[in-house]
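Participant: Once you've had a glance at the structure underneath, I'll fire off some questions.
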Amino acid sequence: MRDLRICDTTLRDGEQAAGVAFTAAEKLEIAKCLAAAGVEQAEVGIPAMGDDECRTIRRIAALGLPMRLLAWNRANCADIDASLSAGVGSAHIALPVSPIQMRAKLGAGPAKVIDLGKRTACYAQEKGLAVSIGFEDASRADFAFLRTLICAFRKEGIRRFRYADTLSVHHPGTLYARVSALLATCPPDIELEIHCHNDFGLAAANTLAGIEAGAKWASTTVLGIGERAGNAALEEVAMAWKHLYRGECAVRPDKLKPLAEFVARAAGRDIPDARPLVGRLAFAHESGIHVNGLMKDRRTYQTFDPSELGADHVIVLGKHSGRSAVRLALDGEGLKVSEGIIETLLERLRRTAGERKYPVDSREIGEWAKEELAK
């Protein structure tokens, strides 16, 4: 399976999440963390927002990070001028391409959209910027129009295009079919990026389907933060590509958890305990059957070693625990007891956890064991 390339948009689409506002210092630190994690390209903001945004982007550019920086633009020359003042080398130009968005946002038809995009793209290229074109609401656009757009911009020297499932219209099957058909009819040297939103919880799955269909770039955000229900999560896309698709990706798994924790703090959001890969309980086990199997051979209940992420399996003592978990807890406390006491402790553990609706600490199990030994 080929390489997966990441264009992370935490600093643009991620910050567009409701209620999220990063400080300049936080943006610089997020950019550093993304580069350290092996992200190849970051969409760092919208220069047209004003002087403060431009100053922050210039500070990011001045860091000299080993990561390409991209600025988001509407299809007008004023936005391109703002990107030039921000000091980035690449400009992404977004075009509404579905009938409803062309009409509502631009009051235009297909021909005018192509002309508007070409004029803006050529202006950016003349100013020395590398240009990519984004197709907003591509999933609701006419298929033939998408092909026409790609071919028209390819003649202007542009090879990079973003297919945006802006409203989460696709499921993995339809996105795979659409992307594979599109690539089959377009110039073979183009690079397609997949940008998916998460309204139905399918952003990561849709993104991976698009990559499997032949797209080269995945657009992600850390923890999937973004507009409405968010975007495809960087950590999920990168790790799934590696372990489920057996593909290559430059992202460093050991950097993902600290990156997620920093972004969560900066965004003022908690990471859910059971959040895949980076949540506190992502590798937690309580069920007696699971714990027993895990203790005999870790491969019974793991698809990959959590040490890749700087994590490890966690045994939780609760209502569904079995004898193996009790023995493990006592071993950790340096205690050896009879099987009869193990049975007594297990019964008490299940009763207590059920009443509290909360796990029991191993130290408390140890105290119970000492009480039994003292009888």
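By order in the structure tokens, chains are A, B, ...; within a chain, residues start at 1; ligands start at 1, following the order shown.
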Just want the 12 Å neighbourhood of Glu193 (chain A), counted on only C-alpha atoms, with same-chain residues fewer than 5 positions away dropped. Output as a ChimeraX atom specification.
Facilitator: /A:4-8,41,92,132-135,138,159-165,179,183,207-220
Participant: Where does DSSP see strand (DSSP E or B) in region 100-243 of chain A, if you list the residues as an NGL selection string?
Facilitator: :A and (130-136 or 160-165 or 191-197 or 217-221 or 231 or 233)
Participant: Near Leu146 (chain A), counting only C-alpha atoms, which residues have an atom at most 12 Å away, once you skip same-chain residues fewer than 2 positions from it, shown as an MDAnalysis selection string?
Facilitator: chainID A and resid 95:99 110 113:114 133:144 148:153 161:164 178:179 181:183 185:186
Participant: Which of these, A:Glu227, A:Glu364, A:Glu343, A:Glu372, has the shortest distance to Ala18 (chain A) once you count only C-alpha atoms?
Facilitator: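 Ranking A:Glu227, A:Glu364, A:Glu343, A:Glu372 by distance to Ala18 (chain A), first place goes to A:Glu227.
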Participant: With only C-alpha atoms as the counted atoms, please give the residues lying no more than 7 Å from Gln16 (chain A), apart from itself and same-chain residues fewer than 4 positions off, as number ranges by chain.
Facilitator: A: 12, 20, 226-227
Participant: Pick from A:Arg147, A:Leu69, A:Lys357, A:His197: nearest to Ile225 (chain A), with only C-alpha atoms counted?
Facilitator: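 Comparing A:Arg147, A:Leu69, A:Lys357, A:His197 against Ile225 (chain A), the winner is A:His197.
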Participant: Near Lys257 (chain A), within 9 Å and counting only C-alpha atoms, which residues show up once chain neighbours fewer than 5 positions away are dropped, as a ChimeraX atom specification?
Facilitator: /A:235,262,277-279,309-311
Participant: With all heavy atoms kept, could you save the residues just selected as a short mmCIF file (atom, residue, chain, number, x, y, z; two decimals), in the first residue's frame?
Facilitator:
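Output (result26.cif):
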data_model
loop_
_atom_site.label_atom_id
_atom_site.label_comp_id
_atom_site.auth_asym_id
_atom_site.auth_seq_id
_atom_site.Cartn_x
_atom_site.Cartn_y
_atom_site.Cartn_z
N GLU A 235 -5.11 11.46 14.37
CA GLU A 235 -4.61 10.25 15.02
C GLU A 235 -5.33 9.00 14.49
O GLU A 235 -4.70 7.95 14.31
CB GLU A 235 -4.73 10.36 16.54
CG GLU A 235 -6.13 10.53 17.10
CD GLU A 235 -6.66 11.97 17.08
OE1 GLU A 235 -5.97 12.86 16.52
OE2 GLU A 235 -7.76 12.19 17.61
N PHE A 262 -2.34 18.73 24.17
CA PHE A 262 -2.11 20.17 24.08
C PHE A 262 -3.24 20.87 23.33
O PHE A 262 -3.73 21.92 23.77
CB PHE A 262 -0.77 20.48 23.40
CG PHE A 262 -0.47 21.95 23.38
CD1 PHE A 262 0.10 22.56 24.48
CD2 PHE A 262 -0.80 22.73 22.27
CE1 PHE A 262 0.33 23.94 24.48
CE2 PHE A 262 -0.58 24.10 22.27
CZ PHE A 262 0.00 24.71 23.37
N LEU A 277 -7.69 5.74 20.74
CA LEU A 277 -6.23 5.92 20.67
C LEU A 277 -5.64 6.84 21.73
O LEU A 277 -4.59 6.54 22.29
CB LEU A 277 -5.81 6.42 19.28
CG LEU A 277 -6.23 5.53 18.11
CD1 LEU A 277 -6.01 6.24 16.78
CD2 LEU A 277 -5.48 4.21 18.14
N VAL A 278 -6.28 7.95 22.04
CA VAL A 278 -5.66 8.93 22.95
C VAL A 278 -6.46 9.16 24.23
O VAL A 278 -6.02 9.92 25.10
CB VAL A 278 -5.44 10.28 22.23
CG1 VAL A 278 -4.44 10.12 21.10
CG2 VAL A 278 -6.75 10.86 21.71
N GLY A 279 -7.62 8.54 24.38
CA GLY A 279 -8.41 8.68 25.60
C GLY A 279 -7.80 7.92 26.75
O GLY A 279 -7.07 6.94 26.57
N LEU A 309 2.04 4.39 20.99
CA LEU A 309 1.47 5.69 21.33
C LEU A 309 1.95 6.18 22.68
O LEU A 309 1.45 7.18 23.20
CB LEU A 309 -0.06 5.59 21.35
CG LEU A 309 -0.74 5.29 20.01
CD1 LEU A 309 -2.17 4.84 20.23
CD2 LEU A 309 -0.70 6.52 19.11
N GLY A 310 2.93 5.48 23.26
CA GLY A 310 3.39 5.84 24.59
C GLY A 310 2.39 5.46 25.66
O GLY A 310 2.38 6.03 26.75
N ALA A 311 1.55 4.48 25.37
CA ALA A 311 0.50 4.05 26.29
C ALA A 311 0.69 2.57 26.65
O ALA A 311 1.61 1.91 26.16
CB ALA A 311 -0.88 4.27 25.66
#
Participant: I'd like to know which of A:Val237, A:Ala374, A:Leu70, A:Val326 is closest to Ser362 (chain A), using only C-alpha atoms.
Facilitator: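 When distances to Ser362 (chain A) are compared using only C-alpha atoms, the smallest one comes from A:Val326.
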Participant: Quick one, how far is CA of Ala94 (chain A) from CA of Ala75 (chain A)?
Facilitator: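 Value for the CA of Ala94 (chain A)-CA of Ala75 (chain A) distance: 6.4 Å.
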Participant: Compile the contact shell of Leu281 (chain A) as a ChimeraX atom specification: residues with an atom at most 12 Å away, counting only C-alpha atoms, same-chain residues fewer than 3 positions apart removed.
Facilitator: /A:271-278,284-286,306,311-316
Participant: Given the selection you just returned, output its residues as a file containing N, CA, C and O atoms, formatted as a compact mmCIF listing (two decimals), in the first residue's frame.
Facilitator:
# COMPACT_ATOMS: atom_id res chain seq x y z
N ILE A 271 -10.74 15.62 26.57
CA ILE A 271 -10.65 14.41 25.74
C ILE A 271 -11.51 13.35 26.41
O ILE A 271 -11.25 12.97 27.56
N PRO A 272 -12.56 12.86 25.76
CA PRO A 272 -13.39 11.82 26.38
C PRO A 272 -12.55 10.62 26.81
O PRO A 272 -11.59 10.24 26.13
N ASP A 273 -12.90 10.03 27.93
CA ASP A 273 -12.12 8.90 28.46
C ASP A 273 -11.94 7.79 27.43
O ASP A 273 -10.86 7.20 27.34
N ALA A 274 -12.99 7.50 26.69
CA ALA A 274 -12.94 6.38 25.73
C ALA A 274 -12.62 6.85 24.32
O ALA A 274 -12.87 6.12 23.35
N ARG A 275 -12.07 8.04 24.16
CA ARG A 275 -11.68 8.52 22.83
C ARG A 275 -10.69 7.54 22.20
O ARG A 275 -9.70 7.15 22.83
N PRO A 276 -10.94 7.07 20.97
CA PRO A 276 -10.01 6.12 20.35
C PRO A 276 -8.56 6.62 20.37
O PRO A 276 -8.29 7.80 20.12
N LEU A 277 -7.69 5.74 20.74
CA LEU A 277 -6.23 5.92 20.67
C LEU A 277 -5.64 6.84 21.73
O LEU A 277 -4.59 6.54 22.29
N VAL A 278 -6.28 7.95 22.04
CA VAL A 278 -5.66 8.93 22.95
C VAL A 278 -6.46 9.16 24.23
O VAL A 278 -6.02 9.92 25.10
N ALA A 284 -8.14 0.32 28.19
CA ALA A 284 -8.56 -0.19 29.49
C ALA A 284 -9.41 -1.45 29.35
O ALA A 284 -10.18 -1.58 28.40
N HIS A 285 -9.26 -2.36 30.30
CA HIS A 285 -9.99 -3.63 30.28
C HIS A 285 -10.55 -3.91 31.67
O HIS A 285 -9.85 -3.77 32.66
N GLU A 286 -11.81 -4.31 31.72
CA GLU A 286 -12.43 -4.69 32.98
C GLU A 286 -12.95 -6.13 32.95
O GLU A 286 -12.80 -6.88 33.91
N PRO A 306 0.08 -0.81 22.29
CA PRO A 306 -0.18 0.59 22.65
C PRO A 306 1.08 1.37 23.00
O PRO A 306 1.03 2.61 23.06
N ALA A 311 1.55 4.48 25.37
CA ALA A 311 0.50 4.05 26.29
C ALA A 311 0.69 2.57 26.65
O ALA A 311 1.61 1.91 26.16
N ASP A 312 -0.18 2.06 27.50
CA ASP A 312 -0.15 0.64 27.86
C ASP A 312 -1.56 0.21 28.26
O ASP A 312 -2.44 1.04 28.48
N HIS A 313 -1.75 -1.09 28.33
CA HIS A 313 -3.03 -1.62 28.78
C HIS A 313 -3.25 -1.25 30.24
O HIS A 313 -2.31 -1.21 31.04
N VAL A 314 -4.51 -0.97 30.58
CA VAL A 314 -4.89 -0.63 31.95
C VAL A 314 -5.96 -1.62 32.39
O VAL A 314 -6.94 -1.84 31.68
N ILE A 315 -5.74 -2.23 33.55
CA ILE A 315 -6.72 -3.15 34.11
C ILE A 315 -7.57 -2.40 35.11
O ILE A 315 -7.06 -1.85 36.09
N VAL A 316 -8.88 -2.34 34.84
CA VAL A 316 -9.82 -1.64 35.71
C VAL A 316 -10.54 -2.66 36.58
O VAL A 316 -11.03 -3.69 36.10
Participant: Got a sec: who's within 10 Å of region 124-129 of chain A, counting only C-alpha atoms, leaving out chain neighbours fewer than 3 positions off, as number ranges by chain?
Facilitator: A: 70, 76-77, 79-81, 83-84, 88-93, 118-121, 132, 156-158
Participant: Please give the complete set of residues from region 157-371 of chain A that DSSP, run on the backbone, assigns to helix (DSSP H, G or I), formatted as a count of residues only.
Facilitator: 106
Participant: Counting only C-alpha atoms, which of A:Ala82, A:Leu346, A:Ala240, A:Leu65 gets nearest to Arg323 (chain A)?
Facilitator: A:Leu346
Participant: Just to confirm, what's the straight-line distance from CA of Ala17 (chain A) to CA of Glu308 (chain A) in Å (one decimal)?
Facilitator: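 Separation between CA of Ala17 (chain A) and CA of Glu308 (chain A): 29.0 Å.
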Participant: If I take CA of Val360 (chain A) and CA of Lys375 (chain A), how far is one from the other in Å, to one decimal?
Facilitator: 22.2 Å
